[in-house]
>>> print(open('target20.cif').read())   # mmCIF, C-alpha atoms
data_model
loop_
_atom_site.group_PDB
_atom_site.id
_atom_site.type_symbol
_atom_site.label_atom_id
_atom_site.label_comp_id
_atom_site.auth_asym_id
_atom_site.auth_seq_id
_atom_site.Cartn_x
_atom_site.Cartn_y
_atom_site.Cartn_z
ATOM 1 C CA MET U 1 77.920 86.152 81.391
ATOM 2 C CA ASP U 2 75.820 86.260 84.544
ATOM 3 C CA GLY U 3 72.994 84.246 82.964
ATOM 4 C CA PRO U 4 72.225 82.140 79.925
ATOM 5 C CA PHE U 5 71.744 85.159 77.608
ATOM 6 C CA HIS U 6 74.320 87.667 76.396
ATOM 7 C CA ARG U 7 73.725 91.389 75.913
ATOM 8 C CA GLY U 8 72.528 91.106 72.322
ATOM 9 C CA GLU U 9 69.970 88.430 73.193
ATOM 10 C CA LEU U 10 68.636 90.546 76.065
ATOM 11 C CA VAL U 11 68.361 93.558 73.747
ATOM 12 C CA ALA U 12 66.522 91.452 71.141
ATOM 13 C CA GLN U 13 64.135 90.092 73.771
ATOM 14 C CA ALA U 14 63.389 93.666 74.870
ATOM 15 C CA LEU U 15 62.864 94.883 71.290
ATOM 16 C CA ALA U 16 60.494 91.976 70.715
ATOM 17 C CA GLY U 17 58.629 92.824 73.904
ATOM 18 C CA THR U 18 58.917 89.324 75.341
ATOM 19 C CA GLY U 19 61.538 89.587 78.069
ATOM 20 C CA ALA U 20 63.873 86.727 78.919
ATOM 21 C CA PRO U 21 62.259 83.281 79.230
ATOM 22 C CA GLY U 22 62.237 81.816 82.731
ATOM 23 C CA MET U 23 63.030 78.146 82.126
ATOM 24 C CA THR U 24 65.584 77.714 79.322
ATOM 25 C CA GLY U 25 67.224 74.296 79.642
ATOM 26 C CA ILE U 26 70.521 75.978 78.697
ATOM 27 C CA ARG U 27 73.385 74.140 80.397
ATOM 28 C CA PRO U 28 77.214 74.308 80.412
ATOM 29 C CA PHE U 29 77.285 70.566 79.585
ATOM 30 C CA MET U 30 75.340 67.983 77.562
ATOM 31 C CA PRO U 31 72.802 65.815 79.385
ATOM 32 C CA ASP U 32 73.008 62.115 78.586
ATOM 33 C CA GLN U 33 69.996 62.207 76.253
ATOM 34 C CA HIS U 34 71.737 64.831 74.095
ATOM 35 C CA ARG U 35 74.970 62.854 74.067
ATOM 36 C CA ASP U 36 73.121 59.741 72.937
ATOM 37 C CA PHE U 37 71.157 61.704 70.341
ATOM 38 C CA PHE U 38 74.216 63.100 68.545
ATOM 39 C CA ALA U 39 75.593 59.572 68.178
ATOM 40 C CA LEU U 40 72.491 58.518 66.204
ATOM 41 C CA LEU U 41 72.937 61.069 63.413
ATOM 42 C CA PRO U 42 74.505 60.580 59.949
ATOM 43 C CA TYR U 43 75.012 64.358 59.544
ATOM 44 C CA LEU U 44 75.899 67.356 61.702
ATOM 45 C CA PHE U 45 75.379 71.025 60.870
ATOM 46 C CA ILE U 46 78.342 73.052 62.089
ATOM 47 C CA ALA U 47 79.675 76.607 61.934
ATOM 48 C CA THR U 48 82.726 78.630 62.884
ATOM 49 C CA THR U 49 84.066 82.141 62.233
ATOM 50 C CA ASP U 50 87.134 83.479 60.485
ATOM 51 C CA GLY U 51 89.717 85.767 62.071
ATOM 52 C CA GLU U 52 87.579 88.821 61.360
ATOM 53 C CA GLY U 53 84.414 87.272 62.788
ATOM 54 C CA TRP U 54 82.649 86.284 59.541
ATOM 55 C CA PRO U 55 80.559 83.137 60.150
ATOM 56 C CA VAL U 56 80.789 80.106 57.847
ATOM 57 C CA ALA U 57 78.404 77.152 57.888
ATOM 58 C CA THR U 58 78.518 73.620 56.503
ATOM 59 C CA VAL U 59 77.316 70.081 57.146
ATOM 60 C CA LEU U 60 79.484 67.067 57.997
ATOM 61 C CA THR U 61 78.398 63.510 57.246
ATOM 62 C CA GLY U 62 79.278 59.957 58.265
ATOM 63 C CA SER U 63 77.752 56.679 59.308
ATOM 64 C CA PRO U 64 75.615 56.921 62.466
ATOM 65 C CA GLY U 65 78.076 56.963 65.335
ATOM 66 C CA PHE U 66 80.569 59.256 63.563
ATOM 67 C CA VAL U 67 79.693 61.752 66.316
ATOM 68 C CA GLN U 68 80.426 60.504 69.835
ATOM 69 C CA SER U 69 80.411 62.021 73.330
ATOM 70 C CA PRO U 70 83.003 60.468 75.644
ATOM 71 C CA ASN U 71 82.002 62.864 78.428
ATOM 72 C CA PRO U 72 79.372 65.619 78.956
ATOM 73 C CA ASN U 73 81.668 68.373 77.655
ATOM 74 C CA ILE U 74 83.162 66.662 74.597
ATOM 75 C CA LEU U 75 81.921 65.721 71.140
ATOM 76 C CA THR U 76 84.222 63.876 68.761
ATOM 77 C CA VAL U 77 83.373 64.087 65.056
ATOM 78 C CA ALA U 78 85.007 61.592 62.684
ATOM 79 C CA ALA U 79 84.759 64.013 59.773
ATOM 80 C CA ARG U 80 85.863 67.491 58.816
ATOM 81 C CA PRO U 81 85.076 69.872 55.955
ATOM 82 C CA ARG U 82 86.611 69.063 52.592
ATOM 83 C CA ALA U 83 89.615 71.195 51.672
ATOM 84 C CA ASP U 84 87.779 72.611 48.642
ATOM 85 C CA GLU U 85 84.719 73.968 50.451
ATOM 86 C CA PRO U 86 84.285 77.510 51.811
ATOM 87 C CA GLY U 87 86.033 78.071 55.137
ATOM 88 C CA ALA U 88 87.361 74.512 55.486
ATOM 89 C CA GLU U 89 90.678 75.730 56.889
ATOM 90 C CA LEU U 90 88.887 77.622 59.661
ATOM 91 C CA PHE U 91 87.784 74.445 61.445
ATOM 92 C CA ALA U 92 91.013 74.320 63.455
ATOM 93 C CA ALA U 93 92.033 73.967 67.097
ATOM 94 C CA GLY U 94 91.188 77.046 69.131
ATOM 95 C CA ARG U 95 88.438 78.232 66.798
ATOM 96 C CA PRO U 96 84.819 78.576 68.010
ATOM 97 C CA PHE U 97 82.121 76.187 66.853
ATOM 98 C CA GLY U 98 78.359 76.017 66.853
ATOM 99 C CA ALA U 99 76.780 72.621 66.160
ATOM 100 C CA LEU U 100 73.203 71.623 65.447
ATOM 101 C CA GLY U 101 72.068 68.028 65.629
ATOM 102 C CA LEU U 102 68.742 67.645 63.824
ATOM 103 C CA ASP U 103 66.871 64.419 63.153
ATOM 104 C CA PHE U 104 64.433 65.194 60.345
ATOM 105 C CA ALA U 105 62.634 61.891 60.906
ATOM 106 C CA THR U 106 61.582 62.813 64.457
ATOM 107 C CA ARG U 107 61.849 66.647 64.341
ATOM 108 C CA ARG U 108 64.225 66.488 67.288
ATOM 109 C CA ARG U 109 67.097 68.973 67.481
ATOM 110 C CA ASN U 110 69.804 69.857 69.979
ATOM 111 C CA ARG U 111 72.406 72.616 69.957
ATOM 112 C CA ALA U 112 75.973 72.670 71.245
ATOM 113 C CA ASN U 113 78.380 75.609 71.229
ATOM 114 C CA GLY U 114 81.998 75.882 72.323
ATOM 115 C CA LEU U 115 85.566 75.624 71.084
ATOM 116 C CA ILE U 116 87.363 73.243 68.734
ATOM 117 C CA ALA U 117 89.810 71.495 71.062
ATOM 118 C CA ALA U 118 91.628 69.547 68.325
ATOM 119 C CA ALA U 119 91.476 69.091 64.560
ATOM 120 C CA GLY U 120 93.267 66.457 62.500
ATOM 121 C CA GLU U 121 92.904 64.180 59.526
ATOM 122 C CA ASP U 122 90.538 61.952 61.514
ATOM 123 C CA GLY U 123 88.169 64.759 62.420
ATOM 124 C CA LEU U 124 87.372 67.248 65.167
ATOM 125 C CA THR U 125 87.233 67.245 68.959
ATOM 126 C CA LEU U 126 84.723 69.798 70.231
ATOM 127 C CA GLN U 127 84.725 71.240 73.762
ATOM 128 C CA VAL U 128 81.102 72.010 74.635
ATOM 129 C CA LEU U 129 80.507 75.166 76.688
ATOM 130 C CA GLN U 130 76.760 75.462 76.142
ATOM 131 C CA SER U 131 74.084 72.903 75.308
ATOM 132 C CA PHE U 132 70.328 73.064 74.921
ATOM 133 C CA GLY U 133 67.432 71.558 73.053
ATOM 134 C CA ASN U 134 65.212 73.336 70.531
ATOM 135 C CA CYS U 135 61.519 72.868 69.878
ATOM 136 C CA PRO U 136 60.364 70.815 66.834
ATOM 137 C CA GLN U 137 58.524 73.714 65.177
ATOM 138 C CA TYR U 138 58.907 74.343 61.420
ATOM 139 C CA ILE U 139 60.853 71.104 60.836
ATOM 140 C CA GLN U 140 59.623 69.061 57.871
ATOM 141 C CA THR U 141 60.053 65.297 58.213
ATOM 142 C CA ARG U 142 62.449 63.542 55.841
ATOM 143 C CA ALA U 143 64.077 60.120 55.616
ATOM 144 C CA ALA U 144 67.797 60.008 54.786
ATOM 145 C CA ALA U 145 69.455 57.401 52.546
ATOM 146 C CA PRO U 146 72.926 57.096 50.956
ATOM 147 C CA GLY U 147 73.481 58.852 47.624
ATOM 148 C CA PRO U 148 76.373 59.610 45.275
ATOM 149 C CA ALA U 149 78.598 62.537 46.219
ATOM 150 C CA SER U 150 80.554 64.578 43.687
ATOM 151 C CA THR U 151 84.238 65.424 44.149
ATOM 152 C CA LEU U 152 83.803 68.777 42.375
ATOM 153 C CA PRO U 153 85.067 71.730 44.439
ATOM 154 C CA ALA U 154 82.853 74.559 45.593
ATOM 155 C CA GLU U 155 82.473 77.246 42.949
ATOM 156 C CA ALA U 156 82.254 80.937 43.819
ATOM 157 C CA VAL U 157 79.283 82.454 41.993
ATOM 158 C CA ALA U 158 78.155 86.017 41.340
ATOM 159 C CA PHE U 159 74.845 86.019 43.200
ATOM 160 C CA PRO U 160 72.097 85.972 42.075
ATOM 161 C CA THR U 161 72.391 83.166 39.542
ATOM 162 C CA PRO U 162 69.378 81.267 38.148
ATOM 163 C CA GLU U 163 70.573 78.058 39.844
ATOM 164 C CA ALA U 164 70.955 79.733 43.251
ATOM 165 C CA LEU U 165 67.602 81.485 43.001
ATOM 166 C CA ALA U 166 65.878 78.245 41.992
ATOM 167 C CA GLN U 167 67.381 76.405 44.959
ATOM 168 C CA ILE U 168 66.230 79.131 47.362
ATOM 169 C CA ALA U 169 62.737 79.160 45.825
ATOM 170 C CA ARG U 170 62.404 75.387 46.377
ATOM 171 C CA ALA U 171 63.719 75.460 49.930
ATOM 172 C CA ASP U 172 61.483 74.773 52.916
ATOM 173 C CA THR U 173 64.518 74.690 55.219
ATOM 174 C CA MET U 174 67.703 76.681 55.691
ATOM 175 C CA PHE U 175 70.416 77.147 58.291
ATOM 176 C CA VAL U 176 71.850 80.398 59.612
ATOM 177 C CA ALA U 177 75.178 80.916 61.401
ATOM 178 C CA THR U 178 75.823 84.063 63.422
ATOM 179 C CA ASN U 179 78.646 85.502 65.504
ATOM 180 C CA ALA U 180 77.933 85.348 69.234
ATOM 181 C CA GLY U 181 80.785 87.719 70.041
ATOM 182 C CA GLY U 182 82.917 85.339 72.085
ATOM 183 C CA ASP U 183 80.210 84.195 74.491
ATOM 184 C CA ASN U 184 79.772 80.431 74.859
ATOM 185 C CA GLY U 185 82.367 79.750 72.199
ATOM 186 C CA GLY U 186 81.450 82.572 69.865
ATOM 187 C CA VAL U 187 79.189 81.215 67.098
ATOM 188 C CA ASP U 188 75.688 79.770 66.687
ATOM 189 C CA ILE U 189 74.028 77.756 63.934
ATOM 190 C CA SER U 190 70.255 77.507 63.849
ATOM 191 C CA HIS U 191 67.448 76.102 61.696
ATOM 192 C CA ARG U 192 64.721 78.031 59.900
ATOM 193 C CA GLY U 193 61.774 76.416 58.146
ATOM 194 C CA GLY U 194 58.633 77.335 56.216
ATOM 195 C CA LEU U 195 56.714 76.481 53.089
ATOM 196 C CA PRO U 196 58.752 76.396 49.849
ATOM 197 C CA GLY U 197 59.505 79.982 48.898
ATOM 198 C CA PHE U 198 59.434 81.290 52.486
ATOM 199 C CA VAL U 199 62.819 82.908 51.781
ATOM 200 C CA LYS U 200 61.968 85.654 49.260
ATOM 201 C CA ALA U 201 64.676 86.864 46.875
ATOM 202 C CA SER U 202 64.893 90.240 45.180
ATOM 203 C CA GLY U 203 68.260 90.729 43.509
ATOM 204 C CA GLU U 204 70.966 90.231 46.126
ATOM 205 C CA VAL U 205 68.494 90.695 49.019
ATOM 206 C CA LEU U 206 66.779 87.784 50.752
ATOM 207 C CA THR U 207 63.811 88.533 53.024
ATOM 208 C CA ILE U 208 63.228 86.006 55.792
ATOM 209 C CA PRO U 209 60.277 85.846 58.195
ATOM 210 C CA ASP U 210 60.693 85.418 61.921
ATOM 211 C CA PHE U 211 57.899 83.113 63.009
ATOM 212 C CA ARG U 212 56.941 82.449 66.615
ATOM 213 C CA GLY U 213 59.713 80.468 68.341
ATOM 214 C CA ASN U 214 61.276 79.725 71.717
ATOM 215 C CA ARG U 215 61.807 83.426 72.616
ATOM 216 C CA PHE U 216 65.533 82.877 73.214
ATOM 217 C CA PHE U 217 66.434 85.139 70.266
ATOM 218 C CA ASN U 218 69.859 83.533 69.897
ATOM 219 C CA THR U 219 70.143 84.354 66.194
ATOM 220 C CA LEU U 220 68.595 87.820 66.237
ATOM 221 C CA GLY U 221 70.423 88.623 69.473
ATOM 222 C CA ASN U 222 73.717 87.808 67.809
ATOM 223 C CA LEU U 223 72.727 89.937 64.817
ATOM 224 C CA VAL U 224 72.000 92.878 67.117
ATOM 225 C CA LEU U 225 75.690 92.821 68.057
ATOM 226 C CA ASP U 226 77.111 91.796 64.661
ATOM 227 C CA PRO U 227 75.005 91.913 61.464
ATOM 228 C CA ARG U 228 77.197 89.415 59.594
ATOM 229 C CA ALA U 229 75.758 85.964 58.934
ATOM 230 C CA ALA U 230 76.172 82.841 56.827
ATOM 231 C CA LEU U 231 73.269 80.946 55.284
ATOM 232 C CA LEU U 232 73.357 77.311 54.187
ATOM 233 C CA PHE U 233 70.744 75.849 51.831
ATOM 234 C CA VAL U 234 70.588 72.071 51.319
ATOM 235 C CA ASP U 235 68.861 70.567 48.299
ATOM 236 C CA PHE U 236 67.649 67.375 49.939
ATOM 237 C CA GLU U 237 66.873 65.650 46.625
ATOM 238 C CA THR U 238 70.235 66.305 44.910
ATOM 239 C CA GLY U 239 72.687 66.863 47.764
ATOM 240 C CA ASP U 240 73.569 70.330 46.400
ATOM 241 C CA LEU U 241 74.769 72.959 48.880
ATOM 242 C CA LEU U 242 74.488 76.727 48.550
ATOM 243 C CA HIS U 243 76.726 78.750 50.888
ATOM 244 C CA LEU U 244 76.059 82.478 51.366
ATOM 245 C CA GLN U 245 77.692 85.231 53.424
ATOM 246 C CA GLY U 246 76.221 88.664 53.963
ATOM 247 C CA ARG U 247 74.864 91.258 56.352
ATOM 248 C CA VAL U 248 71.457 91.455 58.011
ATOM 249 C CA GLU U 249 68.966 94.233 58.698
ATOM 250 C CA ILE U 250 66.131 93.445 61.124
ATOM 251 C CA ASP U 251 62.641 94.969 60.902
ATOM 252 C CA TRP U 252 61.313 94.942 64.460
ATOM 253 C CA GLU U 253 58.241 97.069 63.728
ATOM 254 C CA PRO U 254 55.416 95.843 61.469
ATOM 255 C CA PRO U 255 54.565 97.589 58.209
ATOM 256 C CA VAL U 256 51.302 99.468 57.701
ATOM 257 C CA GLY U 257 48.598 96.827 57.966
ATOM 258 C CA GLY U 258 50.677 94.552 60.166
ATOM 259 C CA TRP U 259 52.556 91.336 59.514
ATOM 260 C CA PRO U 260 50.993 88.350 57.739
ATOM 261 C CA GLU U 261 49.482 85.778 60.078
ATOM 262 C CA GLY U 262 52.174 83.866 61.984
ATOM 263 C CA VAL U 263 54.940 86.420 61.354
ATOM 264 C CA GLN U 264 56.347 88.458 64.227
ATOM 265 C CA ARG U 265 59.095 90.356 62.401
ATOM 266 C CA GLN U 266 61.360 89.942 59.379
ATOM 267 C CA TRP U 267 64.997 90.298 58.485
ATOM 268 C CA ARG U 268 66.797 91.031 55.256
ATOM 269 C CA PHE U 269 70.027 89.309 54.266
ATOM 270 C CA ILE U 270 72.162 91.203 51.733
ATOM 271 C CA VAL U 271 74.353 88.657 49.947
ATOM 272 C CA GLU U 272 78.036 89.585 49.631
ATOM 273 C CA ARG U 273 79.573 86.205 48.724
ATOM 274 C CA ALA U 274 78.150 82.940 47.383
ATOM 275 C CA TRP U 275 79.369 79.420 46.562
ATOM 276 C CA ARG U 276 77.616 76.364 45.109
ATOM 277 C CA ARG U 277 78.628 72.703 45.521
ATOM 278 C CA PRO U 278 76.585 70.365 43.295
ATOM 279 C CA ALA U 279 75.941 66.893 44.784
ATOM 280 C CA ALA U 280 78.179 67.777 47.714
ATOM 281 C CA LEU U 281 76.550 65.356 50.165
ATOM 282 C CA PRO U 282 76.577 61.525 50.156
ATOM 283 C CA LEU U 283 72.966 61.594 51.355
ATOM 284 C CA ARG U 284 69.552 62.093 49.788
ATOM 285 C CA TRP U 285 66.324 62.707 51.683
ATOM 286 C CA THR U 286 62.765 61.644 50.879
ATOM 287 C CA PHE U 287 60.157 64.193 51.947
ATOM 288 C CA GLY U 288 57.606 63.118 54.555
ATOM 289 C CA ASP U 289 55.312 65.923 55.695
ATOM 290 C CA TYR U 290 55.250 69.538 56.755
ATOM 291 C CA SER U 291 55.254 70.536 60.380
ATOM 292 C CA PRO U 292 51.742 71.556 61.479
ATOM 293 C CA VAL U 293 53.040 75.024 62.389
ATOM 294 C CA THR U 294 54.686 75.313 58.963
ATOM 295 C CA LEU U 295 51.276 74.799 57.349
ATOM 296 C CA GLY U 296 50.055 77.790 59.345
ATOM 297 C CA THR U 297 52.509 80.175 57.639
ATOM 298 C CA ALA U 298 50.923 80.265 54.174
ATOM 299 C CA ALA U 299 49.920 83.932 54.606
ATOM 300 C CA TRP U 300 53.589 84.912 54.553
ATOM 301 C CA ASN U 301 54.228 83.174 51.237
ATOM 302 C CA ALA U 302 51.142 84.801 49.737
ATOM 303 C CA SER U 303 52.151 88.294 50.897
ATOM 304 C CA ALA U 304 54.407 90.783 49.146
ATOM 305 C CA ALA U 305 57.435 91.060 51.418
ATOM 306 C CA PRO U 306 58.644 94.667 51.666
ATOM 307 C CA VAL U 307 62.321 94.900 50.697
ATOM 308 C CA ALA U 308 64.097 98.123 51.647
#
>>> encode(input="target20.cif", output="structure tokens")
Amino acid sequence: MDGPFHRGELVAQALAGTGAPGMTGIRPFMPDQHRDFFALLPYLFIATTDGEGWPVATVLTGSPGFVQSPNPNILTVAARPRADEPGAELFAAGRPFGALGLDFATRRRNRANGLIAAAGEDGLTLQVLQSFGNCPQYIQTRAAAPGPASTLPAEAVAFPTPEALAQIARADTMFVATNAGGDNGGVDISHRGGLPGFVKASGEVLTIPDFRGNRFFNTLGNLVLDPRAALLFVDFETGDLLHLQGRVEIDWEPPVGGWPEGVQRQWRFIVERAWRRPAALPLRWTFGDYSPVTLGTAAWNASAAPVA
């Protein structure tokens, strides 16, 4: 790569009519404030890909300090996915990773991408090849506290099930992992937020708005090159996780009458595989408030999303 953006991101920026941003803050190392930030978190959202390039996404947990940065290009994580969750075996040395540190209490988030340098019973060592911060938009505040975690394994489900649809309908937050095609490690994981119900389900198709963001187009740029994605939904009150894999179609042009206020485009996720893990996390979150920009997206929820 000759710059911070790969071919798919540049194509997405052109399709969106924005062009590449000038100042990006994208670095091949973590600045000290990012290194310190990761060490404050009791959870870390993380993704990798399988041998065929399918993304998988999950969340790791531990006491604050379970993530450390001994130098600007290394994160150590004293946790790894449970053996009974989707894609656990893929978090192995030599595999790509995308990590998202997000503090719901402060709406602060930082990204790190790279390669898994080592994996063992004690956790993961991550070699960071790209690091940057994200804006606080569409993040709802929440306070985390310990909660009981189940030892039940993940269960493959035939989507859509009533439980999965109900979890999606309640969600004001989700996470999406995409294949970056080998650049900067090869996988991204990003946050999406809106009012509850912002992800609209019709059968096996989920329709997701693309609100105004940082104009990097990391996720949509990856999807331009590879339409496969993984979605992760967290039920913050119960600790339940919903894992989805599928393919994406992006609508770059608005429908007749234009997009609802605040929406710039939409994408459709066609679910191919699904798993549920009840009470998977040893954490529970108490809701605080909606992001001010989230409150400005009500027109999307009130609209009828076209599903092709």
>>> residues_near_point(input="target20.cif", point="(87.1, 74.7, 40.3)", cutoff="12 Å", atoms="all atoms listed in the file", output="compact mmCIF listing (two decimals) with C-alpha atoms, in the frame of the given file")
# COMPACT_ATOMS: atom_id res chain seq x y z
CA ASP U 84 87.78 72.61 48.64
CA GLU U 85 84.72 73.97 50.45
CA THR U 151 84.24 65.42 44.15
CA LEU U 152 83.80 68.78 42.38
CA PRO U 153 85.07 71.73 44.44
CA ALA U 154 82.85 74.56 45.59
CA GLU U 155 82.47 77.25 42.95
CA ALA U 156 82.25 80.94 43.82
CA VAL U 157 79.28 82.45 41.99
CA TRP U 275 79.37 79.42 46.56
CA ARG U 276 77.62 76.36 45.11
CA ARG U 277 78.63 72.70 45.52
CA PRO U 278 76.58 70.36 43.30
>>> closest_residue(input="target20.cif", among="U:Glu237, U:Ile26, U:Val293, U:Phe37", to="U:Pro148", atoms="all atoms listed in the file")
U:Glu237
>>> atom_distance(input="target20.cif", atom1="atom CA of U:Ser190", atom2="atom CA of U:Thr219")
7.2 Å
>>> closest_atom_pairs(input="target20.cif", of="stretch 39-83 of chain U", to="stretch 122-130 of chain U", cutoff="7 Å", atoms="only C-alpha atoms", output="tab-separated table")
residue	atom	partner	partner_atom	distance
U:Asn73	CA	U:Val128	CA	4.8
U:Ile74	CA	U:Gln127	CA	4.9
U:Leu75	CA	U:Leu126	CA	5.0
U:Thr76	CA	U:Thr125	CA	4.5
U:Val77	CA	U:Leu124	CA	5.1
U:Ala78	CA	U:Gly123	CA	4.5
U:Ala79	CA	U:Gly123	CA	4.4
U:Arg80	CA	U:Gly123	CA	5.1
>>> residues_around(input="target20.cif", residues="U:Gln266", least_positions_apart="2", cutoff="6 Å", atoms="all atoms listed in the file", output="VMD selection string")
chain U and resid 208 to 210 251
>>> resolve_selection(input="target20.cif", expression="the PyMOL selection byres ((chain U and resi 91) around 9)", output="JSON, numbers by chain")
{"U": [47, 48, 49, 80, 81, 87, 88, 89, 90, 92, 93, 94, 95, 96, 97, 116, 119, 124]}
>>> resolve_selection(input="target20.cif", expression="the PyMOL selection byres ((chain U and resi 14) around 12)", output="ChimeraX atom specification")
/U:7-13,15-21,215-217,220-221,224,252
>>> write_last_selection(input="target20.cif", atoms="C-alpha atoms", output="PDB file, keeping the file's coordinate frame")
ATOM      1  CA  ARG U   7      73.725  91.389  75.913  1.00  0.00           C
ATOM      2  CA  GLY U   8      72.528  91.106  72.322  1.00  0.00           C
ATOM      3  CA  GLU U   9      69.970  88.430  73.193  1.00  0.00           C
ATOM      4  CA  LEU U  10      68.636  90.546  76.065  1.00  0.00           C
ATOM      5  CA  VAL U  11      68.361  93.558  73.747  1.00  0.00           C
ATOM      6  CA  ALA U  12      66.522  91.452  71.141  1.00  0.00           C
ATOM      7  CA  GLN U  13      64.135  90.092  73.771  1.00  0.00           C
ATOM      8  CA  LEU U  15      62.864  94.883  71.290  1.00  0.00           C
ATOM      9  CA  ALA U  16      60.494  91.976  70.715  1.00  0.00           C
ATOM     10  CA  GLY U  17      58.629  92.824  73.904  1.00  0.00           C
ATOM     11  CA  THR U  18      58.917  89.324  75.341  1.00  0.00           C
ATOM     12  CA  GLY U  19      61.538  89.587  78.069  1.00  0.00           C
ATOM     13  CA  ALA U  20      63.873  86.727  78.919  1.00  0.00           C
ATOM     14  CA  PRO U  21      62.259  83.281  79.230  1.00  0.00           C
ATOM     15  CA  ARG U 215      61.807  83.426  72.616  1.00  0.00           C
ATOM     16  CA  PHE U 216      65.533  82.877  73.214  1.00  0.00           C
ATOM     17  CA  PHE U 217      66.434  85.139  70.266  1.00  0.00           C
ATOM     18  CA  LEU U 220      68.595  87.820  66.237  1.00  0.00           C
ATOM     19  CA  GLY U 221      70.423  88.623  69.473  1.00  0.00           C
ATOM     20  CA  VAL U 224      72.000  92.878  67.117  1.00  0.00           C
ATOM     21  CA  TRP U 252      61.313  94.942  64.460  1.00  0.00           C
TER      22      TRP U 252
END
>>> closest_residue(input="target20.cif", among="U:Pro254, U:Pro227, U:Gly114, U:Pro196", to="U:Phe269", atoms="only C-alpha atoms")
U:Pro227
